[in-house]
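Participant: If it helps, the file is called target.cif and holds mmCIF, C-alpha atoms and all ligand atoms:
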data_my_file
#
loop_
_atom_site.label_atom_id
_atom_site.label_comp_id
_atom_site.auth_asym_id
_atom_site.auth_seq_id
_atom_site.Cartn_x
_atom_site.Cartn_y
_atom_site.Cartn_z
CA MET A 1 -116.31 59.50 -112.19
CA THR A 2 -117.04 62.98 -113.62
CA ARG A 3 -118.82 65.55 -111.49
CA ALA A 4 -120.08 69.08 -112.17
CA SER A 5 -122.38 71.51 -110.42
CA ALA A 6 -124.04 74.91 -110.82
CA PRO A 7 -125.73 77.31 -108.38
CA ALA A 8 -129.25 78.69 -108.12
CA LYS A 9 -129.80 82.39 -108.76
CA VAL A 10 -131.95 85.19 -107.39
CA ILE A 11 -132.99 88.23 -109.38
CA LEU A 12 -132.46 91.46 -107.43
CA PHE A 13 -134.25 93.78 -109.88
CA GLY A 14 -135.78 93.72 -113.33
CA GLU A 15 -137.47 90.33 -113.83
CA HIS A 16 -140.05 90.30 -116.64
CA ALA A 17 -138.92 93.71 -117.90
CA VAL A 18 -135.72 91.93 -119.02
CA VAL A 19 -137.74 89.76 -121.41
CA HIS A 20 -138.78 92.99 -123.18
CA GLY A 21 -135.40 94.64 -123.52
CA GLN A 22 -134.93 96.34 -120.13
CA PRO A 23 -131.88 95.59 -117.95
CA ALA A 24 -132.05 93.29 -114.91
CA ILE A 25 -129.66 92.43 -112.08
CA ALA A 26 -129.20 88.95 -110.66
CA VAL A 27 -126.80 87.22 -108.30
CA PRO A 28 -125.87 83.57 -107.78
CA PHE A 29 -127.48 81.91 -104.77
CA PRO A 30 -124.83 79.43 -103.65
CA ALA A 31 -126.91 77.98 -100.77
CA LEU A 32 -128.65 75.80 -103.37
CA ARG A 33 -126.88 73.88 -106.16
CA ALA A 34 -127.57 71.24 -108.78
CA TYR A 35 -125.01 68.38 -108.99
CA VAL A 36 -124.50 66.00 -111.90
CA GLU A 37 -122.37 62.88 -111.75
CA ILE A 38 -121.40 60.62 -114.63
CA ARG A 39 -121.03 57.37 -112.77
CA GLY A 40 -119.93 54.79 -115.28
CA ASP A 41 -120.68 52.74 -118.33
CA ALA A 42 -124.21 51.73 -119.27
CA ALA A 43 -125.76 49.96 -122.26
CA ALA A 44 -126.96 53.38 -123.51
CA LEU A 45 -127.12 56.95 -122.22
CA GLU A 46 -129.43 57.25 -119.23
CA PHE A 47 -130.15 60.31 -117.10
CA ARG A 48 -131.36 59.37 -113.63
CA SER A 49 -132.37 61.07 -110.42
CA HIS A 50 -130.26 60.68 -107.30
CA SER A 51 -132.55 57.86 -106.19
CA GLY A 52 -132.05 56.02 -109.49
CA ALA A 53 -135.42 56.84 -111.15
CA LEU A 54 -135.12 57.27 -114.92
CA LEU A 55 -135.52 60.91 -115.98
CA ALA A 56 -134.59 60.68 -119.65
CA ALA A 57 -132.90 58.32 -122.10
CA PRO A 58 -132.69 58.87 -125.88
CA GLN A 59 -133.27 55.11 -126.40
CA LEU A 60 -136.42 55.16 -124.28
CA PRO A 61 -138.31 58.30 -125.32
CA GLN A 62 -141.66 56.91 -124.13
CA LYS A 63 -140.25 56.41 -120.61
CA SER A 64 -138.55 59.84 -120.55
CA ASP A 65 -139.73 63.15 -119.20
CA PRO A 66 -140.23 64.94 -122.55
CA LEU A 67 -138.71 68.25 -121.43
CA LEU A 68 -135.67 66.66 -119.81
CA LEU A 69 -135.15 64.48 -122.89
CA GLN A 70 -135.25 67.59 -125.07
CA MET A 71 -132.76 69.26 -122.71
CA LEU A 72 -130.39 66.31 -122.93
CA LEU A 73 -130.61 66.14 -126.74
CA THR A 74 -130.13 69.92 -127.05
CA ILE A 75 -126.98 69.71 -124.94
CA LEU A 76 -125.55 66.79 -126.97
CA ARG A 77 -126.27 68.72 -130.18
CA GLY A 78 -124.72 71.89 -128.73
CA LEU A 79 -121.57 70.01 -127.77
CA ALA A 80 -121.62 68.20 -131.16
CA ILE A 81 -121.13 64.80 -129.52
CA ASP A 82 -122.89 61.45 -129.82
CA ALA A 83 -124.73 60.15 -126.78
CA PRO A 84 -122.10 58.46 -124.60
CA ARG A 85 -122.99 55.08 -123.09
CA VAL A 86 -122.99 56.24 -119.52
CA SER A 87 -125.25 56.60 -116.55
CA ILE A 88 -125.72 60.21 -115.41
CA HIS A 89 -127.18 61.07 -112.01
CA LEU A 90 -128.76 64.34 -110.92
CA ARG A 91 -129.00 65.61 -107.36
CA SER A 92 -130.55 69.04 -107.19
CA GLU A 93 -131.17 71.05 -104.02
CA ILE A 94 -132.98 73.72 -106.06
CA PRO A 95 -136.79 73.66 -105.90
CA GLN A 96 -138.41 73.83 -109.33
CA ALA A 97 -140.76 76.60 -110.51
CA CYS A 98 -139.67 78.70 -107.54
CA GLY A 99 -137.69 81.54 -109.17
CA PHE A 100 -134.29 80.02 -108.44
CA GLY A 101 -133.27 79.15 -112.01
CA SER A 102 -133.46 75.41 -111.38
CA GLY A 103 -133.63 74.52 -115.11
CA ALA A 104 -130.61 76.68 -115.96
CA ALA A 105 -128.59 75.17 -113.10
CA VAL A 106 -129.40 71.57 -114.09
CA ALA A 107 -128.58 72.29 -117.76
CA THR A 108 -125.31 74.01 -116.81
CA ALA A 109 -124.15 71.17 -114.58
CA LEU A 110 -125.19 68.57 -117.18
CA THR A 111 -123.41 70.38 -120.03
CA ARG A 112 -120.24 70.77 -117.95
CA ALA A 113 -120.24 67.09 -116.97
CA LEU A 114 -120.86 65.85 -120.53
CA ALA A 115 -118.17 68.17 -121.94
CA CYS A 116 -115.69 67.02 -119.31
CA HIS A 117 -116.50 63.35 -119.97
CA ALA A 118 -115.93 63.93 -123.72
CA ARG A 119 -112.67 65.79 -122.87
CA LEU A 120 -113.98 68.92 -124.56
CA SER A 121 -112.94 72.28 -123.24
CA ILE A 122 -115.89 74.62 -123.42
CA ASP A 123 -115.70 78.33 -122.65
CA ALA A 124 -118.34 80.24 -120.67
CA SER A 125 -119.77 81.90 -123.77
CA ARG A 126 -120.44 78.59 -125.56
CA LEU A 127 -121.78 77.03 -122.36
CA ASN A 128 -124.09 80.02 -121.98
CA ASP A 129 -125.37 79.64 -125.58
CA ILE A 130 -126.16 75.96 -125.03
CA VAL A 131 -127.92 76.58 -121.70
CA PHE A 132 -129.91 79.46 -123.22
CA GLU A 133 -131.16 77.05 -125.88
CA THR A 134 -132.30 74.59 -123.21
CA GLU A 135 -134.06 77.46 -121.40
CA SER A 136 -136.22 77.97 -124.49
CA ILE A 137 -137.57 74.43 -124.00
CA PHE A 138 -138.97 75.33 -120.58
CA HIS A 139 -139.82 79.01 -121.00
CA GLY A 140 -140.51 79.59 -124.68
CA THR A 141 -138.98 83.07 -124.71
CA PRO A 142 -136.39 83.32 -121.96
CA GLY A 143 -134.82 86.70 -121.25
CA GLY A 144 -131.36 85.14 -120.90
CA ILE A 145 -130.54 86.37 -117.40
CA ASP A 146 -130.96 83.04 -115.59
CA ASN A 147 -128.44 81.14 -117.74
CA ALA A 148 -125.97 84.07 -117.73
CA VAL A 149 -125.82 84.32 -113.91
CA VAL A 150 -125.78 80.57 -113.34
CA VAL A 151 -123.02 80.00 -115.93
CA HIS A 152 -120.80 82.94 -114.88
CA GLU A 153 -121.59 82.50 -111.17
CA ARG A 154 -121.29 86.19 -110.36
CA ALA A 155 -123.52 89.26 -110.02
CA LEU A 156 -124.49 90.46 -113.48
CA CYS A 157 -126.50 93.16 -115.16
CA PHE A 158 -128.15 91.71 -118.22
CA THR A 159 -129.86 93.32 -121.20
CA LYS A 160 -131.13 91.13 -124.04
CA GLY A 161 -128.86 91.21 -127.08
CA LYS A 162 -125.87 92.62 -125.16
CA ASP A 163 -122.99 90.95 -123.35
CA PRO A 164 -123.76 90.76 -119.61
CA SER A 165 -121.81 93.28 -117.55
CA ARG A 166 -120.32 92.80 -114.09
CA VAL A 167 -122.11 94.52 -111.26
CA ARG A 168 -119.91 96.49 -108.90
CA ILE A 169 -120.87 95.92 -105.27
CA GLY A 170 -119.32 98.49 -102.95
CA ARG A 171 -120.45 97.01 -99.62
CA PRO A 172 -121.61 93.51 -98.68
CA PHE A 173 -125.25 93.16 -97.69
CA ASP A 174 -127.54 90.42 -96.39
CA LEU A 175 -130.69 89.03 -97.94
CA LEU A 176 -133.27 86.66 -96.59
CA VAL A 177 -134.74 84.46 -99.28
CA ALA A 178 -138.18 83.07 -98.41
CA ASP A 179 -139.90 80.28 -100.32
CA SER A 180 -143.63 80.97 -100.50
CA GLY A 181 -144.29 77.27 -101.06
CA ASP A 182 -146.39 78.12 -104.14
CA ARG A 183 -145.10 76.93 -107.51
CA CYS A 184 -145.69 78.44 -110.92
CA ALA A 185 -143.94 77.48 -114.16
CA THR A 186 -142.06 80.51 -115.55
CA HIS A 187 -143.83 80.50 -118.90
CA ILE A 188 -147.25 81.22 -117.30
CA PRO A 189 -146.53 84.73 -115.90
CA VAL A 190 -144.19 85.46 -118.84
CA THR A 191 -147.08 84.73 -121.23
CA ALA A 192 -149.46 86.82 -119.10
CA VAL A 193 -147.17 89.86 -119.36
CA ARG A 194 -146.81 89.35 -123.12
CA ARG A 195 -150.61 89.27 -123.43
CA GLN A 196 -150.89 92.50 -121.40
CA LEU A 197 -148.44 94.14 -123.78
CA GLN A 198 -150.77 93.25 -126.65
CA VAL A 199 -153.99 94.26 -124.89
CA ASN A 200 -152.70 97.40 -123.19
CA PRO A 201 -149.38 98.37 -124.81
CA GLY A 202 -149.13 101.94 -123.48
CA ARG A 203 -149.65 101.11 -119.80
CA THR A 204 -147.55 97.93 -119.91
CA THR A 205 -144.64 99.54 -121.75
CA ALA A 206 -144.61 102.36 -119.18
CA ILE A 207 -144.46 99.86 -116.28
CA LEU A 208 -141.62 97.95 -117.95
CA ALA A 209 -139.72 101.22 -118.53
CA ASP A 210 -140.22 102.20 -114.86
CA ILE A 211 -138.73 98.87 -113.82
CA GLY A 212 -135.78 99.52 -116.18
CA ALA A 213 -135.23 102.92 -114.52
CA ILE A 214 -135.21 101.25 -111.07
CA VAL A 215 -132.52 98.85 -112.30
CA GLU A 216 -130.33 101.78 -113.40
CA GLN A 217 -130.73 103.41 -109.97
CA ALA A 218 -130.01 100.11 -108.22
CA LEU A 219 -126.72 99.76 -110.14
CA GLU A 220 -125.59 103.12 -108.74
CA VAL A 221 -126.65 102.23 -105.19
CA LEU A 222 -124.94 98.82 -105.39
CA ALA A 223 -121.66 100.44 -106.42
CA GLY A 224 -121.79 102.82 -103.44
CA ASP A 225 -121.51 102.12 -99.75
CA LEU A 226 -125.14 102.44 -98.63
CA PRO A 227 -126.75 99.17 -99.72
CA PHE A 228 -129.81 99.84 -97.52
CA ALA A 229 -130.76 102.49 -100.08
CA LEU A 230 -131.74 99.51 -102.26
CA GLY A 231 -134.72 98.98 -99.96
CA PRO A 232 -137.18 101.56 -101.37
CA LEU A 233 -136.22 100.47 -104.89
CA MET A 234 -137.13 96.88 -103.98
CA TYR A 235 -140.58 97.89 -102.70
CA ARG A 236 -141.19 99.98 -105.84
CA ASN A 237 -140.07 97.13 -108.09
CA HIS A 238 -142.44 94.78 -106.24
CA ASP A 239 -145.37 97.20 -106.67
CA LEU A 240 -144.69 97.46 -110.39
CA LEU A 241 -144.54 93.65 -110.68
CA GLY A 242 -147.91 93.60 -108.92
CA LYS A 243 -149.26 96.02 -111.55
CA LEU A 244 -147.99 93.63 -114.21
CA GLY A 245 -150.10 90.93 -112.53
CA VAL A 246 -147.26 88.60 -111.58
CA SER A 247 -147.45 88.91 -107.79
CA SER A 248 -149.94 86.97 -105.67
CA PRO A 249 -151.68 87.44 -102.32
CA VAL A 250 -149.11 85.15 -100.68
CA LEU A 251 -146.13 87.05 -102.14
CA ASP A 252 -147.68 90.39 -101.17
CA ARG A 253 -148.25 89.10 -97.64
CA LEU A 254 -144.59 88.01 -97.35
CA VAL A 255 -143.32 91.37 -98.64
CA CYS A 256 -145.61 93.22 -96.20
CA ALA A 257 -144.57 91.02 -93.27
CA ALA A 258 -140.86 91.60 -94.04
CA GLY A 259 -141.42 95.37 -94.19
CA CYS A 260 -143.40 95.50 -90.94
CA ALA A 261 -140.64 93.55 -89.17
CA GLY A 262 -137.99 96.04 -90.25
CA ALA A 263 -136.61 94.86 -93.60
CA ALA A 264 -135.17 97.79 -95.56
CA GLY A 265 -136.76 96.38 -98.70
CA ALA A 266 -138.51 93.29 -100.05
CA LYS A 267 -139.85 92.05 -103.35
CA LEU A 268 -140.79 88.94 -105.22
CA SER A 269 -137.85 87.50 -107.14
CA GLY A 270 -138.11 85.51 -110.37
CA ALA A 271 -141.18 84.92 -112.46
CA GLY A 272 -143.69 85.33 -109.60
CA ARG A 273 -147.26 84.04 -109.05
CA GLY A 274 -145.45 81.85 -106.51
CA GLY A 275 -141.79 81.15 -105.89
CA ASN A 276 -139.74 83.32 -103.59
CA VAL A 277 -139.44 86.71 -101.95
CA ILE A 278 -136.16 88.43 -101.07
CA ALA A 279 -135.79 90.81 -98.11
CA LEU A 280 -132.92 93.20 -97.40
CA VAL A 281 -131.89 92.94 -93.75
CA ASP A 282 -129.07 93.63 -91.34
CA GLU A 283 -128.08 92.08 -88.02
CA SER A 284 -130.48 94.28 -86.09
CA CYS A 285 -133.64 92.99 -87.83
CA SER A 286 -132.69 89.71 -89.53
CA ALA A 287 -134.08 87.35 -86.86
CA GLU A 288 -137.31 89.35 -86.51
CA VAL A 289 -137.85 89.50 -90.28
CA ALA A 290 -137.22 85.76 -90.58
CA LEU A 291 -139.80 85.10 -87.86
CA ALA A 292 -142.32 87.42 -89.53
CA LEU A 293 -141.80 85.68 -92.88
CA GLN A 294 -142.32 82.32 -91.22
CA GLU A 295 -145.50 83.49 -89.52
CA ALA A 296 -146.72 84.89 -92.84
CA GLY A 297 -146.42 81.43 -94.36
CA ALA A 298 -142.88 81.08 -95.75
CA LYS A 299 -142.08 77.39 -96.09
CA GLN A 300 -138.30 77.80 -95.95
CA ILE A 301 -135.99 80.75 -95.35
CA TRP A 302 -132.33 81.09 -96.28
CA SER A 303 -129.89 83.84 -95.42
CA THR A 304 -127.24 84.88 -97.92
CA THR A 305 -124.57 87.58 -97.99
CA ILE A 306 -123.90 89.35 -101.27
CA GLN A 307 -120.18 90.02 -101.12
CA ALA A 308 -118.51 93.25 -102.22
CA ARG A 309 -116.90 92.95 -105.69
CA GLY A 310 -115.16 95.36 -107.97
C1 LIG B 401 -137.24 84.26 -114.51
O1 LIG B 401 -136.27 83.89 -113.54
C2 LIG B 401 -137.04 85.67 -114.93
C3 LIG B 401 -138.02 86.18 -115.97
O2 LIG B 401 -137.62 87.53 -116.26
C4 LIG B 401 -138.03 85.35 -117.22
C5 LIG B 401 -136.73 85.44 -118.00
O3 LIG B 401 -136.00 86.42 -117.91
O4 LIG B 401 -136.47 84.48 -118.75
C6 LIG B 401 -139.44 86.25 -115.41
#
Written as structure tokens, that's how I'd like the structure from this file.
Ligand code: MEV
Facilitator:
Amino acid sequence: MTRASAPAKVILFGEHAVVHGQPAIAVPFPALRAYVEIRGDAAALEFRSHSGALLAAPQLPQKSDPLLLQMLLTILRGLAIDAPRVSIHLRSEIPQACGFGSGAAVATALTRALACHARLSIDASRLNDIVFETESIFHGTPGGIDNAVVVHERALCFTKGKDPSRVRIGRPFDLLVADSGDRCATHIPVTAVRRQLQVNPGRTTAILADIGAIVEQALEVLAGDLPFALGPLMYRNHDLLGKLGVSSPVLDRLVCAAGCAGAAGAKLSGAGRGGNVIALVDESCSAEVALALQEAGAKQIWSTTIQARG
């Protein structure tokens, strides 16, 4: 049996602006992972859910989820292999359309498992290229940050067209990640921002540049030993995302609740209009912020520590 997995991700700063050439910072979110298992021989390639339901099979296009079938075919083409006659099973803990990079994680785990089954060694850069191509199926014009963080499984600063760079983290810090319960496919807010750029280029470009400047400041703070100084940058980034029209009343309520309960900072993370909010906390306020998020409607809350790294 061949097994592979990949983590979820959360964006700390710079979502949406990254699609338009600004930098963004993201970290892996190891509390949630996607797992793929190649279980054994089958009459033809079949991709199934954990419970056995058919997700995609090249021989049965009419019974396949069209996007997952395209993902599977893109991966086979990227690896330059024929469809093996095996049964592949997916178990993903990552909610979809929630800002956690679920599509990138599934594609990464699937590519790793298929490469391993075919006894191909595949380096991170090629894996990243293949997963980026699958991201285009779901998002149209992905920025590239989701696949980069999920594939490399470390904190990265990403600017379109450049190699991702490692983010130095001087001191560990804790985040609460709250699922709003609302779902929105990434391409919807991404398209809305693109439209705004056409309708109101001056204002929108200025907002995107302000977000880029926040990312640069956040890189400096992250490298130092006062991670709580990220807090005001998070609130400012959230406000700017609101001005871009990608927040929502529920996300704003969660950010406000976190702030009132003592979080040093909070913002939506990912594409927005739903999905998740991250809040910067420490031991003194973590439980209170979690309670406030719950009372403000969060459906699930995770705690994660971003470890120091050189
Ligand atoms: C989605 O996780 C992040 C966005 O910036 C889109 C992208 O970069 O592909 C909204």
Participant: Show me, as JSON, the centre and edge lengths in Å to one decimal of the axis-aligned box that covers every listed atom of stretch 58-62 of chain A with 8 Å on each side.
Facilitator:
{"center_x": -137.2, "center_y": 57.0, "center_z": -125.3, "size_x": 25.0, "size_y": 19.8, "size_z": 18.3}
Participant: Can you work out which one of A:Lys243, A:Val190, A:Ala57, A:Phe158 has the shortest atom-to-atom distance to A:Ala206, counting all atoms listed in the file?
Facilitator: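 That would be A:Lys243, the residue with the smallest distance to A:Ala206.
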Participant: List every residue of chain A that has an atom at most 6 Å from any atom of ligand LIG 401 (chain B), and for each one report the closest atom pair and its distance in Å to one decimal, counting all atoms listed in the file, with rows sorted by chain and then by increasing residue number, as JSON lines.
Facilitator:
{"residue": "A:Glu15", "atom": "CA", "partner": "B:LIG401", "partner_atom": "O2", "distance": 3.7}
{"residue": "A:His16", "atom": "CA", "partner": "B:LIG401", "partner_atom": "O2", "distance": 3.7}
{"residue": "A:Val18", "atom": "CA", "partner": "B:LIG401", "partner_atom": "O2", "distance": 5.5}
{"residue": "A:Val19", "atom": "CA", "partner": "B:LIG401", "partner_atom": "O3", "distance": 5.1}
{"residue": "A:Gly99", "atom": "CA", "partner": "B:LIG401", "partner_atom": "O1", "distance": 5.2}
{"residue": "A:Gly101", "atom": "CA", "partner": "B:LIG401", "partner_atom": "O1", "distance": 5.8}
{"residue": "A:Pro142", "atom": "CA", "partner": "B:LIG401", "partner_atom": "O4", "distance": 3.4}
{"residue": "A:Gly143", "atom": "CA", "partner": "B:LIG401", "partner_atom": "O3", "distance": 3.6}
{"residue": "A:Gly144", "atom": "CA", "partner": "B:LIG401", "partner_atom": "O4", "distance": 5.6}
{"residue": "A:Ile145", "atom": "CA", "partner": "B:LIG401", "partner_atom": "O3", "distance": 5.5}
{"residue": "A:Asp146", "atom": "CA", "partner": "B:LIG401", "partner_atom": "O1", "distance": 5.8}
{"residue": "A:Val190", "atom": "CA", "partner": "B:LIG401", "partner_atom": "C6", "distance": 5.9}
{"residue": "A:Gly270", "atom": "CA", "partner": "B:LIG401", "partner_atom": "O1", "distance": 4.0}
{"residue": "A:Ala271", "atom": "CA", "partner": "B:LIG401", "partner_atom": "C6", "distance": 3.7}
Participant: What is the distance between atom CA of A:Ala209 and atom CA of A:His20, in Å to one decimal?
Facilitator: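 Spanning atom CA of A:Ala209 to atom CA of A:His20 is a straight-line distance of 9.5 Å.
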Participant: Applying 9 Å and only C-alpha atoms, which residues near A:Ser51 remain after dropping the ones on its own chain fewer than 5 positions away? List them as a ChimeraX atom specification.
Facilitator: /A:89-91
Participant: Would you mind telling me which residue in A:Ala155, A:Ala266, A:Ile214, A:Leu197 lies nearest to A:Ala26 when using only C-alpha atoms?
Facilitator: A:Ala155
Participant: List the spatial neighbours of A:Pro84 as an MDAnalysis selection string - criterion: any atom at most 10 Å away, only C-alpha atoms, same-chain residues fewer than 3 positions off excluded.
Facilitator: chainID A and resid 41:46 76 81 87 114 117:118
Participant: Keeping only C-alpha atoms, write the selected residues to a file as a PDB file, in the frame of the given file.
Facilitator:
ATOM      1  CA  ASP A  41    -120.680  52.740-118.330  1.00  0.00           C
ATOM      2  CA  ALA A  42    -124.210  51.730-119.270  1.00  0.00           C
ATOM      3  CA  ALA A  43    -125.760  49.960-122.260  1.00  0.00           C
ATOM      4  CA  ALA A  44    -126.960  53.380-123.510  1.00  0.00           C
ATOM      5  CA  LEU A  45    -127.120  56.950-122.220  1.00  0.00           C
ATOM      6  CA  GLU A  46    -129.430  57.250-119.230  1.00  0.00           C
ATOM      7  CA  LEU A  76    -125.550  66.790-126.970  1.00  0.00           C
ATOM      8  CA  ILE A  81    -121.130  64.800-129.520  1.00  0.00           C
ATOM      9  CA  SER A  87    -125.250  56.600-116.550  1.00  0.00           C
ATOM     10  CA  LEU A 114    -120.860  65.850-120.530  1.00  0.00           C
ATOM     11  CA  HIS A 117    -116.500  63.350-119.970  1.00  0.00           C
ATOM     12  CA  ALA A 118    -115.930  63.930-123.720  1.00  0.00           C
TER      13      ALA A 118
END
Participant: Taking all atoms listed in the file into account, which of A:Thr2, A:Ser125, A:Gln70, A:Gln198 comes nearest A:Asn147?
Facilitator: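 Counting all atoms listed in the file, the residue closest to A:Asn147 is A:Ser125.
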Participant: Write out as an MDAnalysis selection string each polymer residue whose atoms come within 9 Å of A:Ala257, counting only C-alpha atoms; drop sequence neighbours fewer than 6 positions from it.
Facilitator: chainID A and resid 263 289 292:293 295:296
Participant: How about saving the chosen residues, C-alpha atoms kept, as a tab-separated table (two decimals), in the coordinates of the input?
Facilitator:
chain	number	residue	atom	x	y	z
A	263	ALA	CA	-136.61	94.86	-93.60
A	289	VAL	CA	-137.85	89.50	-90.28
A	292	ALA	CA	-142.32	87.42	-89.53
A	293	LEU	CA	-141.80	85.68	-92.88
A	295	GLU	CA	-145.50	83.49	-89.52
A	296	ALA	CA	-146.72	84.89	-92.84
Participant: For A:Gly262, list every protein, DNA or RNA residue within 9 Å, evaluated using all atoms listed in the file, and leave out those in the same chain fewer than 4 positions away; present the list as a PDB file with C-alpha atoms, keeping the file's coordinate frame.
Facilitator:
ATOM      1  CA  ALA A 257    -144.570  91.020 -93.270  1.00  0.00           C
ATOM      2  CA  ALA A 258    -140.860  91.600 -94.040  1.00  0.00           C
ATOM      3  CA  VAL A 281    -131.890  92.940 -93.750  1.00  0.00           C
ATOM      4  CA  SER A 284    -130.480  94.280 -86.090  1.00  0.00           C
ATOM      5  CA  CYS A 285    -133.640  92.990 -87.830  1.00  0.00           C
ATOM      6  CA  SER A 286    -132.690  89.710 -89.530  1.00  0.00           C
ATOM      7  CA  GLU A 288    -137.310  89.350 -86.510  1.00  0.00           C
ATOM      8  CA  VAL A 289    -137.850  89.500 -90.280  1.00  0.00           C
TER       9      VAL A 289
END
Participant: Name the closest residue to A:Gly181 among the candidates A:Leu72, A:Ala97, A:Ala109, A:Ile88; distances are taken between atoms, counting only C-alpha atoms.
Facilitator: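 Closest residue, counting only C-alpha atoms: A:Ala97.
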Participant: At most 12 Å is the cut-off: for each residue in stretch 104-197 of chain A with any atom that close to an atom of stretch 217-220 of chain A, write down the nearest atom pair and the distance in Å rounded to one decimal, counting only C-alpha atoms, chain first then increasing number, as a Markdown table.
Facilitator:
| residue | atom | partner | partner_atom | distance |
| --- | --- | --- | --- | --- |
| A:Ala155 | CA | A:Leu219 | CA | 11.0 |
| A:Leu156 | CA | A:Leu219 | CA | 10.1 |
| A:Cys157 | CA | A:Leu219 | CA | 8.3 |
| A:Phe158 | CA | A:Leu219 | CA | 11.5 |
| A:Ser165 | CA | A:Leu219 | CA | 11.0 |
| A:Arg166 | CA | A:Leu219 | CA | 10.2 |
| A:Val167 | CA | A:Leu219 | CA | 7.1 |
| A:Arg168 | CA | A:Leu219 | CA | 7.7 |
| A:Ile169 | CA | A:Leu219 | CA | 8.5 |
| A:Gly170 | CA | A:Glu220 | CA | 9.7 |
Participant: Using atom CA of A:Gly14 and atom CA of A:Val221 as the two end points, give the distance in Å to one decimal.
Facilitator: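 Interatomic distance, atom CA of A:Gly14 to atom CA of A:Val221: 14.9 Å.
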Participant: Can you work out which one of A:Ala17, A:Ala178, A:Val36, A:Cys98 has the shortest atom-to-atom distance to A:Thr159, counting only C-alpha atoms?
Facilitator: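 Ranking A:Ala17, A:Ala178, A:Val36, A:Cys98 by distance to A:Thr159, first place goes to A:Ala17.
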Participant: Can you work out which one of A:Leu244, A:Ile306, A:Gly259, A:Pro30 has the shortest atom-to-atom distance to A:Pro201, counting only C-alpha atoms?
Facilitator: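 The shortest atom-to-atom distance to A:Pro201 comes from A:Leu244.
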Participant: Please measure the separation of atom CA of A:Leu241 and atom CA of A:Arg195, giving the value in Å to one decimal.
Facilitator: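 Distance reported for this atom pair: 14.8 Å.
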Participant: Give as a list of chain:residue names the set of residues within 6 Å of the point (-121.5, 86.6, -117.5), where distances use the file's coordinates and only C-alpha atoms.
Facilitator: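 Applying the cut-off with only C-alpha atoms, one gets A:Ala148, A:His152, A:Pro164.
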